[in-house]
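*Asks:* Contents of coords-v2.cif (mmCIF, C-alpha atoms) are below:
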data_input
loop_
_atom_site.label_atom_id
_atom_site.label_comp_id
_atom_site.auth_asym_id
_atom_site.auth_seq_id
_atom_site.Cartn_x
_atom_site.Cartn_y
_atom_site.Cartn_z
CA MET I 20 -26.79 24.45 9.73
CA SER I 21 -25.33 21.09 8.67
CA ASP I 22 -22.11 20.89 6.69
CA PHE I 23 -23.99 18.89 4.05
CA LYS I 24 -24.14 20.77 0.75
CA THR I 25 -27.13 19.02 -0.68
CA GLY I 26 -28.02 18.49 -4.29
CA ILE I 27 -31.71 17.71 -4.73
CA TYR I 28 -32.42 15.63 -7.82
CA ILE I 29 -35.90 15.48 -9.33
CA ARG I 30 -37.04 13.51 -12.37
CA VAL I 31 -40.48 12.96 -13.81
CA SER I 32 -41.90 11.67 -17.05
CA THR I 33 -45.28 12.85 -18.38
CA GLU I 34 -46.88 9.45 -17.84
CA GLU I 35 -45.59 9.13 -14.24
CA GLN I 36 -46.77 12.64 -13.38
CA ALA I 37 -50.32 11.80 -14.44
CA LYS I 38 -50.44 8.29 -12.97
CA HIS I 39 -48.57 8.54 -9.66
CA GLY I 40 -48.53 12.24 -8.89
CA TYR I 41 -44.70 12.51 -9.09
CA SER I 42 -44.95 16.10 -10.25
CA VAL I 43 -41.90 18.34 -10.13
CA ARG I 44 -43.70 20.65 -7.70
CA ALA I 45 -44.69 17.80 -5.36
CA GLN I 46 -41.19 16.35 -5.25
CA ARG I 47 -39.60 19.77 -4.78
CA GLU I 48 -41.82 20.70 -1.83
CA LYS I 49 -41.33 17.40 0.00
CA LEU I 50 -37.57 17.27 -0.56
CA MET I 51 -36.99 20.89 0.44
CA SER I 52 -39.05 20.37 3.60
CA TYR I 53 -37.03 17.27 4.44
CA ALA I 54 -33.74 19.11 3.89
CA LYS I 55 -34.97 21.95 6.13
CA ILE I 56 -35.83 19.52 8.94
CA LYS I 57 -32.35 17.98 8.62
CA GLU I 58 -30.81 21.48 8.51
CA TRP I 59 -29.03 20.69 5.25
CA GLU I 60 -27.80 23.48 3.04
CA ILE I 61 -29.35 23.17 -0.43
CA TYR I 62 -26.62 23.77 -2.97
CA ASP I 63 -28.80 23.35 -6.05
CA ILE I 64 -31.88 21.59 -7.45
CA TYR I 65 -31.44 19.42 -10.53
CA ILE I 66 -34.58 18.68 -12.59
CA ASP I 67 -34.94 16.32 -15.55
CA GLU I 68 -38.52 16.70 -16.74
CA GLY I 69 -40.27 14.39 -19.17
CA ILE I 70 -37.24 12.05 -19.44
CA SER I 71 -37.03 8.30 -18.88
CA GLY I 72 -34.78 6.92 -16.11
CA LYS I 73 -33.54 3.93 -18.12
CA ASN I 74 -30.03 5.41 -18.44
CA LEU I 75 -27.91 8.36 -17.29
CA ASN I 76 -28.02 10.27 -20.57
CA ARG I 77 -29.78 13.20 -18.92
CA SER I 78 -28.38 16.71 -18.76
CA GLU I 79 -29.27 17.45 -15.12
CA VAL I 80 -28.10 14.13 -13.68
CA GLN I 81 -24.82 14.67 -15.50
CA ARG I 82 -24.55 18.17 -14.00
CA LEU I 83 -25.18 16.66 -10.56
CA ILE I 84 -22.45 14.06 -11.11
CA ALA I 85 -20.02 16.80 -12.16
CA ASP I 86 -20.78 18.80 -9.00
CA VAL I 87 -20.26 15.70 -6.84
CA LYS I 88 -16.90 15.02 -8.48
CA SER I 89 -15.80 18.63 -7.93
CA SER I 90 -16.91 18.45 -4.25
CA GLN I 91 -19.53 21.16 -4.75
CA VAL I 92 -22.11 18.65 -3.54
CA ASN I 93 -21.45 16.18 -0.71
CA ASN I 94 -25.01 14.96 -0.16
CA VAL I 95 -27.54 13.80 -2.76
CA LEU I 96 -31.23 13.73 -1.93
CA VAL I 97 -33.94 12.11 -4.09
CA TYR I 98 -37.63 11.44 -3.56
CA LYS I 99 -37.27 7.79 -4.58
CA ILE I 100 -34.38 5.70 -5.92
CA ASP I 101 -36.06 5.17 -9.29
CA ARG I 102 -36.14 8.99 -9.71
CA LEU I 103 -32.35 8.82 -9.93
CA THR I 104 -32.22 5.74 -12.18
CA ARG I 105 -34.20 2.62 -13.04
CA SER I 106 -31.02 0.71 -13.96
CA THR I 107 -29.47 -1.48 -11.26
CA LYS I 108 -26.07 -1.18 -12.93
CA ASP I 109 -26.28 2.63 -13.08
CA LEU I 110 -27.37 2.74 -9.43
CA ILE I 111 -24.39 0.61 -8.41
CA ASP I 112 -22.05 2.88 -10.40
CA LEU I 113 -23.53 6.01 -8.83
CA ILE I 114 -23.30 4.63 -5.28
CA GLU I 115 -19.65 3.71 -5.89
CA LEU I 116 -19.02 7.23 -7.28
CA PHE I 117 -20.65 8.84 -4.24
CA GLN I 118 -18.53 6.71 -1.91
CA ALA I 119 -15.33 7.59 -3.77
CA CYS I 120 -16.19 11.29 -3.53
CA ASN I 121 -17.25 11.12 0.16
CA CYS I 122 -20.76 12.09 -0.84
CA ALA I 123 -23.78 10.86 1.17
CA PHE I 124 -26.90 9.54 -0.54
CA ASN I 125 -30.47 9.85 0.74
CA SER I 126 -33.83 8.64 -0.52
CA LEU I 127 -36.86 10.14 1.18
CA THR I 128 -39.42 7.43 0.36
CA GLU I 129 -37.16 4.42 1.09
CA ALA I 130 -35.71 6.15 4.19
CA ILE I 131 -32.17 5.52 2.97
CA ASP I 132 -29.47 7.66 4.57
CA THR I 133 -25.87 6.54 4.12
CA ALA I 134 -24.93 8.49 7.26
CA SER I 135 -26.99 5.97 9.29
CA PRO I 136 -26.22 2.28 10.06
CA ALA I 137 -29.19 1.16 7.96
CA GLY I 138 -28.02 3.32 5.08
CA ARG I 139 -24.49 1.96 5.30
CA MET I 140 -25.92 -1.57 5.30
CA PHE I 141 -27.80 -0.67 2.12
CA VAL I 142 -24.54 0.47 0.52
CA LYS I 143 -22.87 -2.82 1.51
CA ILE I 144 -25.72 -4.76 -0.07
CA ILE I 145 -25.36 -2.68 -3.21
CA GLY I 146 -21.63 -3.47 -3.09
CA LEU I 147 -22.36 -7.21 -3.00
CA PHE I 148 -24.55 -6.84 -6.06
CA ALA I 149 -21.78 -4.84 -7.73
CA GLU I 150 -19.20 -7.54 -7.00
CA PHE I 151 -21.57 -10.24 -8.27
CA GLU I 152 -22.22 -8.26 -11.45
CA ARG I 153 -18.51 -7.65 -12.07
CA GLU I 154 -17.69 -11.34 -11.60
CA THR I 155 -20.55 -12.28 -13.92
CA ILE I 156 -19.28 -9.88 -16.57
CA VAL I 157 -15.72 -11.24 -16.27
CA GLU I 158 -17.00 -14.80 -16.63
CA ARG I 159 -19.04 -13.87 -19.70
CA ILE I 160 -16.02 -12.18 -21.25
CA LYS I 161 -13.87 -15.28 -20.63
CA VAL I 162 -16.47 -17.55 -22.21
CA GLY I 163 -16.78 -15.19 -25.18
CA LEU I 164 -13.01 -14.99 -25.72
CA GLU I 165 -12.58 -18.75 -25.44
CA ARG I 166 -15.35 -19.32 -27.97
CA LYS I 167 -13.74 -16.77 -30.29
CA VAL I 168 -10.41 -18.64 -30.18
CA ARG I 169 -12.07 -22.02 -30.71
CA GLU I 170 -13.64 -20.57 -33.85
CA GLY I 171 -10.16 -19.75 -35.14
CA TYR I 172 -9.94 -16.03 -34.45
CA SER I 173 -6.87 -14.52 -32.80
CA LEU I 174 -7.62 -12.37 -29.76
CA CYS I 175 -4.89 -9.78 -30.46
CA SER I 176 -5.97 -8.26 -27.15
CA SER I 177 -3.17 -5.69 -27.15
CA THR I 178 -0.93 -5.86 -30.21
CA PRO I 179 -0.97 -8.40 -33.06
CA SER I 180 2.01 -10.75 -33.33
CA TYR I 181 5.00 -9.32 -35.17
CA GLY I 182 4.44 -10.19 -38.83
CA TYR I 183 0.69 -9.61 -38.71
CA SER I 184 -1.74 -6.71 -38.57
CA ARG I 185 -5.44 -6.42 -37.92
CA SER I 186 -7.48 -3.36 -38.76
CA LYS I 187 -10.25 -2.17 -36.50
CA GLY I 188 -13.39 -4.19 -37.07
CA GLU I 189 -11.62 -7.09 -38.76
CA LYS I 190 -11.75 -10.51 -37.14
CA VAL I 191 -8.90 -12.18 -39.02
CA GLN I 192 -5.32 -10.93 -38.86
CA THR I 193 -3.47 -10.41 -42.14
CA VAL I 194 0.20 -10.89 -43.02
CA GLU I 195 2.38 -7.78 -42.83
CA ARG I 196 4.80 -8.45 -45.67
CA SER I 197 7.88 -6.54 -44.44
CA GLU I 198 7.57 -7.90 -40.91
CA SER I 199 6.88 -11.46 -42.07
CA LYS I 200 10.23 -11.43 -43.89
CA ILE I 201 11.97 -10.56 -40.61
CA VAL I 202 10.14 -13.43 -38.89
CA LYS I 203 11.37 -15.86 -41.55
CA ASP I 204 14.91 -14.49 -41.17
CA ILE I 205 14.79 -15.00 -37.38
CA PHE I 206 13.79 -18.65 -37.75
CA ALA I 207 16.41 -19.24 -40.46
CA MET I 208 19.20 -17.57 -38.47
CA TYR I 209 18.44 -19.59 -35.35
CA LEU I 210 18.37 -22.90 -37.25
CA ASN I 211 21.68 -21.98 -38.95
CA GLY I 212 23.39 -21.62 -35.57
CA THR I 213 23.08 -17.91 -34.77
CA SER I 214 22.49 -17.43 -31.05
CA ILE I 215 19.39 -15.65 -29.79
CA THR I 216 21.54 -12.82 -28.42
CA ASP I 217 23.31 -12.36 -31.76
CA ILE I 218 19.99 -12.35 -33.64
CA ALA I 219 18.78 -9.49 -31.46
CA LYS I 220 22.06 -7.62 -31.95
CA LYS I 221 21.89 -8.08 -35.72
CA LEU I 222 18.34 -6.73 -35.96
CA ASN I 223 19.21 -3.75 -33.76
CA GLY I 224 22.29 -3.12 -35.89
CA GLN I 225 20.09 -3.07 -38.98
CA LYS I 226 17.77 -0.53 -37.30
CA VAL I 227 14.88 -2.99 -37.39
CA HIS I 228 12.42 -2.29 -34.58
CA THR I 229 9.82 -4.38 -32.79
CA LYS I 230 6.07 -3.94 -33.17
CA LYS I 231 6.17 -1.33 -30.40
CA ASN I 232 9.06 0.50 -32.10
CA ARG I 233 11.63 -0.67 -29.55
CA GLN I 234 14.95 -2.47 -29.75
CA TRP I 235 15.01 -6.24 -29.85
CA THR I 236 15.83 -8.29 -26.78
CA THR I 237 16.41 -12.01 -26.31
CA LYS I 238 12.90 -12.22 -24.83
CA ASN I 239 11.42 -10.76 -28.03
CA ILE I 240 13.27 -13.33 -30.14
CA ILE I 241 12.21 -16.25 -27.94
CA ASN I 242 8.58 -15.06 -28.06
CA ILE I 243 8.70 -15.17 -31.85
CA LEU I 244 10.40 -18.56 -32.02
CA THR I 245 7.79 -20.10 -29.71
CA ASN I 246 4.67 -18.43 -31.13
CA PRO I 247 2.34 -20.98 -32.85
CA ASN I 248 0.62 -18.04 -34.54
CA TYR I 249 3.24 -18.33 -37.29
CA ILE I 250 2.11 -21.83 -38.29
CA GLY I 251 -1.52 -20.79 -38.54
CA LYS I 252 -2.63 -21.52 -34.99
CA VAL I 253 -4.34 -19.37 -32.38
CA ARG I 254 -4.03 -19.83 -28.63
CA TYR I 255 -5.88 -19.03 -25.44
CA GLY I 256 -4.96 -18.79 -21.75
CA ILE I 257 -1.18 -18.35 -22.01
CA ASN I 258 0.50 -19.20 -18.67
CA THR I 259 -2.74 -20.63 -17.27
CA ASN I 260 -4.16 -24.10 -16.69
CA HIS I 261 -6.73 -23.42 -19.42
CA TYR I 262 -4.20 -23.03 -22.22
CA PHE I 263 -5.05 -24.54 -25.61
CA GLU I 264 -4.20 -24.06 -29.28
CA THR I 265 -6.44 -24.51 -32.30
CA VAL I 266 -6.31 -23.97 -36.06
CA GLY I 267 -6.71 -20.30 -36.95
CA ARG I 268 -8.28 -18.59 -39.94
CA HIS I 269 -5.19 -16.53 -40.78
CA THR I 270 -2.33 -17.32 -43.18
CA GLN I 271 0.73 -19.01 -41.72
CA ILE I 272 4.19 -17.50 -42.19
CA ILE I 273 6.47 -20.36 -41.10
CA ASP I 274 6.49 -23.96 -42.31
CA GLU I 275 5.49 -26.42 -39.58
CA LYS I 276 8.59 -28.57 -40.06
CA GLN I 277 10.84 -25.54 -39.57
CA TYR I 278 8.83 -24.36 -36.56
CA TYR I 279 9.07 -27.69 -34.73
CA GLU I 280 12.78 -28.00 -35.52
CA VAL I 281 13.24 -24.66 -33.77
CA ARG I 282 11.13 -25.79 -30.82
CA GLU I 283 13.21 -28.94 -30.46
CA LYS I 284 16.42 -26.92 -30.55
CA LEU I 285 15.07 -24.53 -27.91
CA GLN I 286 14.10 -27.44 -25.67
CA ASN I 287 17.60 -28.88 -26.04
CA ARG I 288 18.94 -25.45 -25.12
CA LEU I 289 16.86 -25.42 -21.93
CA ARG I 290 18.00 -28.91 -21.04
CA THR I 291 21.61 -27.86 -21.59
CA LYS I 292 21.09 -24.73 -19.51
CA SER I 293 20.71 -26.83 -16.37
CA ASP I 294 24.14 -28.33 -17.06
CA ALA I 295 25.80 -24.94 -16.73
CA TYR I 296 25.72 -25.14 -12.93
CA TYR I 297 28.49 -22.58 -12.52
CA SER I 298 26.26 -19.84 -14.02
CA ASN I 299 26.12 -16.79 -11.72
CA LYS I 300 28.62 -18.51 -9.40
CA LEU I 301 31.88 -17.19 -10.86
CA GLU I 302 33.66 -13.89 -10.53
CA CYS I 303 36.84 -12.85 -12.25
CA LEU I 304 39.56 -11.41 -9.97
CA CYS I 305 38.93 -8.08 -11.71
CA HIS I 306 35.59 -8.24 -9.81
CA GLN I 307 33.52 -8.69 -12.97
CA ARG I 308 30.75 -11.30 -12.68
CA MET I 309 31.35 -13.93 -15.36
CA ALA I 310 28.68 -14.59 -17.98
CA THR I 311 27.70 -17.90 -19.54
CA LYS I 312 28.05 -18.42 -23.27
CA ARG I 313 26.92 -21.44 -25.27
CA THR I 314 28.32 -22.36 -28.66
CA TYR I 315 26.64 -24.97 -30.84
CA PHE I 316 28.75 -27.04 -33.21
CA HIS I 317 27.56 -30.15 -35.07
CA GLY I 318 24.57 -30.44 -32.76
CA LYS I 319 26.64 -30.27 -29.56
CA CYS I 320 26.62 -27.48 -27.00
CA TYR I 321 29.89 -26.12 -25.58
CA ILE I 322 29.67 -23.97 -22.44
CA ASN I 323 32.14 -21.22 -21.57
CA TYR I 324 32.30 -18.65 -18.78
CA ILE I 325 33.40 -15.21 -19.99
CA CYS I 326 34.74 -12.04 -18.39
CA HIS I 327 33.29 -9.01 -20.19
CA ASN I 328 35.81 -6.53 -18.78
CA HIS I 329 37.73 -5.32 -21.84
CA ASN I 330 40.61 -4.13 -19.67
CA CYS I 331 41.07 -7.59 -18.15
CA ASP I 332 43.61 -9.93 -19.78
CA PHE I 333 41.53 -12.98 -18.82
CA LYS I 334 38.93 -13.92 -21.44
CA SER I 335 37.20 -17.21 -20.67
CA VAL I 336 37.32 -20.72 -19.27
CA SER I 337 35.35 -23.70 -20.51
CA HIS I 338 32.85 -25.48 -18.31
CA ARG I 339 34.56 -28.79 -19.01
CA TYR I 340 37.96 -27.35 -18.07
CA LEU I 341 36.67 -25.85 -14.82
CA ASP I 342 34.66 -28.92 -13.92
CA LYS I 343 37.66 -31.14 -14.43
CA TYR I 344 39.85 -29.02 -12.15
CA LEU I 345 37.31 -28.87 -9.33
CA ASN I 346 36.92 -32.65 -9.35
CA ILE I 347 40.58 -33.81 -9.46
CA ALA I 348 41.12 -34.30 -5.75
CA ASN I 349 42.81 -37.63 -6.49
CA GLU I 350 45.06 -36.26 -9.24
CA THR I 351 48.72 -35.33 -8.75
CA SER I 352 49.53 -31.93 -7.33
CA SER I 353 51.54 -30.98 -10.45
CA PHE I 354 48.50 -31.61 -12.63
CA LYS I 355 46.39 -29.42 -10.33
CA GLU I 356 48.98 -26.64 -10.34
CA HIS I 357 48.96 -26.61 -14.15
CA PHE I 358 45.26 -25.72 -14.07
CA VAL I 359 45.75 -23.14 -11.34
CA GLN I 360 48.55 -21.43 -13.22
CA GLU I 361 46.78 -21.28 -16.55
CA LYS I 362 43.15 -20.63 -15.74
CA ILE I 363 41.66 -21.16 -12.33
CA LYS I 364 43.81 -18.73 -10.39
CA LYS I 365 41.93 -15.84 -12.00
CA ILE I 366 38.49 -17.08 -11.01
CA LYS I 367 36.70 -16.67 -7.71
CA ILE I 368 33.95 -19.17 -6.95
CA ILE I 369 31.25 -17.22 -5.14
CA SER I 370 29.00 -20.09 -4.08
CA LEU I 371 27.94 -23.47 -5.35
CA ASP I 372 25.11 -25.85 -4.62
CA LYS I 373 27.53 -28.69 -5.25
CA GLN I 374 29.92 -29.91 -2.52
CA LEU I 375 32.71 -27.50 -3.44
CA GLU I 376 34.73 -25.16 -1.32
CA ILE I 377 33.35 -21.61 -1.23
CA ASN I 378 35.72 -18.82 -2.26
CA HIS I 379 38.01 -21.37 -3.84
CA TYR I 380 40.76 -19.80 -5.97
#
Could you express the structure from this file as C-alpha cells?
*Replies:*
Amino acid sequence: MSDFKTGIYIRVSTEEQAKHGYSVRAQREKLMSYAKIKEWEIYDIYIDEGISGKNLNRSEVQRLIADVKSSQVNNVLVYKIDRLTRSTKDLIDLIELFQACNCAFNSLTEAIDTASPAGRMFVKIIGLFAEFERETIVERIKVGLERKVREGYSLCSSTPSYGYSRSKGEKVQTVERSESKIVKDIFAMYLNGTSITDIAKKLNGQKVHTKKNRQWTTKNIINILTNPNYIGKVRYGINTNHYFETVGRHTQIIDEKQYYEVREKLQNRLRTKSDAYYSNKLECLCHQRMATKRTYFHGKCYINYICHNHNCDFKSVSHRYLDKYLNIANETSSFKEHFVQEKIKKIKIISLDKQLEINHY
C-alpha cells in the first residue's frame, strides 16, 4: 500500500450530469478504481453536488483544503481539473497550497500526476501563470494608486499624516484639530530657532505622543517638517524615480510661505552638516564619543563638539577652535601650546579623511 493518503474530490452540477454524464456515481467508480490500481490509501471522498465550480465557496472543497493543511491528506485526486475549479486563479492558489503542504495532485482525465516529470512540468507552467498574474495585479494596483493621487486623493496606505484622520470608506482626509495644533507648533518652534532635537524633547516632556502612540524622535519631526501634505498637496512614489506631488482635495494646515521657509532652513542645515567634518571622529579622553551640536544665531550656524559624560570636567570645543589648531603648522610653538593646554589635550582624534595625523592629542 502506498504512503499516499488520498482525498478524492467529486463535483457535479445538475446540468453537467445530464449533458456530459459526470454523475457522482460515475466519477466515484472511476476514481476509486484508479486509486486501487495505484495502491493509494483513500482517506476520504469529498462530494459537492449540484454546485458551480466558479469559486471555492463550497463546503466539501473547503473540508478537503482543511485536511490538506492538517496533513491528513497528502494526495488529491480528481476526475478532471474543472471538477476542482473552473477559475484559473483558484487553480493556481490550490496548486501553490498543495506544494506548500507537500501534497501531490492528480487528474485522471488529463493524466496529471505531480509525482511524475510531466506533472511537475505542469506545476511549473502553472507557476509561470501565477507569477504573470501576480505581476499583472501589482502593475494594475500601481496604475490605480497613481491615478488616485493625480485626482487629489491621499493614499494613506498605512497611517494618515499626523494632523489628519480618514475614516473607513472616506476618500478625503480631514483635519484632526488637536494634532493640527501640534503640527503648527512644530513649524513655529523650528522657525524660531528651536533645534529638531529640542522640539522632540519638548513634546515628549509634555506627554504628547505620535500617531502611533510613541515618543517623538528627530526623524518624526523631520518627516513633519518636510511633508507637503500640510500645504494641501498629495504625493506618490516616495524614494522612487516616479515621485511626484499634486494638489490634494484636503484642507491645508500650514501656510505655504512658512512651509518653504522651513524647507530652506532644513536645506541650509544639510549643507552645513557637511562642514562638520570632525563628526564621529572625536573622542574625549574619558572615552566618551563626542557629539556634534549646531547652534543658529542671526542666520549663522555655529558647530560645537560636546562630551556628554556628566562626570567629565570637559564640556565642549568649537569646530572653528579645533580647525584652527589643527591647521597652525606654521604658527609659533607657544601659540600651539596655548591651544593644547586649554582644549585640545583632552580630545583624541580617532580618524580623519583630511590629511591630519591619526590619534593626534
*Asks:* Work out how far apart atom CA of I:Asp342 and atom CA of I:Cys305 are and give it in Å to one decimal.
*Replies:* 21.4 Å
*Asks:* Can you tell me, as a list in words, what residues are no more than 8 Å from stretch 42-48 of chain I when counting all atoms listed in the file, ignoring any on the same chain fewer than 5 positions away?
*Replies:* Ile29, Arg30, Val31, Gln36, Ile66, Glu68 and Tyr98 of chain I
*Asks:* Nearest to I:Glu58 among I:Gln81, I:Lys24, I:Lys221, I:Ile114, with distances taken over only C-alpha atoms: which residue is it?
*Replies:* I:Lys24
*Asks:* I'd like the residues picked by the PyMOL selection byres ((chain I and resi 127) around 8) written out as a list in words, using the chain letters and numbers from the file.
*Replies:*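 Matching residues under the PyMOL selection byres ((chain I and resi 127) around 8) are Leu50, Tyr53, Leu96, Val97, Tyr98, Lys99, Asn125, Ser126, Thr128, Glu129, Ala130 and Ile131 of chain I.
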*Asks:* Which residues come within 10 Å of I:Cys326, counting only C-alpha atoms, excluding same-chain residues fewer than 5 positions away, as a PyMOL selection string?
*Replies:* chain I and resi 301-311+331-336+366
*Asks:* Any chance you could model N, CA and C atoms for stretch 187-206 of chain I and send them as a compact mmCIF listing (two decimals), in the coordinates of the input?
*Replies:*
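Output file part.txt follows:
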# COMPACT_ATOMS: atom_id res chain seq x y z
N LYS I 187 -9.10 -2.26 -37.39
CA LYS I 187 -10.25 -2.17 -36.50
C LYS I 187 -11.49 -2.72 -37.19
N GLY I 188 -12.18 -3.61 -36.51
CA GLY I 188 -13.39 -4.19 -37.07
C GLY I 188 -13.18 -5.51 -37.77
N GLU I 189 -11.91 -5.83 -38.10
CA GLU I 189 -11.62 -7.09 -38.76
C GLU I 189 -11.41 -8.20 -37.72
N LYS I 190 -11.87 -9.39 -38.06
CA LYS I 190 -11.75 -10.51 -37.14
C LYS I 190 -10.51 -11.35 -37.40
N VAL I 191 -10.04 -11.33 -38.64
CA VAL I 191 -8.90 -12.18 -39.02
C VAL I 191 -7.68 -11.30 -39.26
N GLN I 192 -6.55 -11.67 -38.67
CA GLN I 192 -5.32 -10.93 -38.86
C GLN I 192 -4.74 -11.23 -40.25
N THR I 193 -4.06 -10.25 -40.82
CA THR I 193 -3.47 -10.41 -42.14
C THR I 193 -1.95 -10.29 -42.05
N VAL I 194 -1.26 -10.89 -43.02
CA VAL I 194 0.20 -10.89 -43.02
C VAL I 194 0.73 -9.51 -43.38
N GLU I 195 1.67 -9.03 -42.56
CA GLU I 195 2.38 -7.78 -42.83
C GLU I 195 3.68 -8.15 -43.54
N ARG I 196 3.75 -7.87 -44.84
CA ARG I 196 4.80 -8.45 -45.67
C ARG I 196 6.22 -8.14 -45.17
N SER I 197 6.52 -6.89 -44.86
CA SER I 197 7.88 -6.54 -44.44
C SER I 197 8.25 -7.21 -43.13
N GLU I 198 7.30 -7.27 -42.20
CA GLU I 198 7.57 -7.90 -40.91
C GLU I 198 7.67 -9.42 -41.04
N SER I 199 6.85 -10.00 -41.92
CA SER I 199 6.88 -11.46 -42.07
C SER I 199 8.24 -11.93 -42.59
N LYS I 200 8.89 -11.09 -43.40
CA LYS I 200 10.23 -11.43 -43.89
C LYS I 200 11.22 -11.49 -42.73
N ILE I 201 11.10 -10.56 -41.79
CA ILE I 201 11.97 -10.56 -40.61
C ILE I 201 11.73 -11.82 -39.78
N VAL I 202 10.47 -12.21 -39.64
CA VAL I 202 10.14 -13.43 -38.89
C VAL I 202 10.82 -14.63 -39.52
N LYS I 203 10.73 -14.74 -40.85
CA LYS I 203 11.37 -15.86 -41.55
C LYS I 203 12.89 -15.83 -41.35
N ASP I 204 13.46 -14.62 -41.37
CA ASP I 204 14.91 -14.49 -41.17
C ASP I 204 15.31 -14.94 -39.76
N ILE I 205 14.49 -14.62 -38.77
CA ILE I 205 14.79 -15.00 -37.38
C ILE I 205 14.82 -16.52 -37.25
N PHE I 206 13.83 -17.18 -37.80
CA PHE I 206 13.79 -18.65 -37.75
C PHE I 206 14.98 -19.25 -38.48
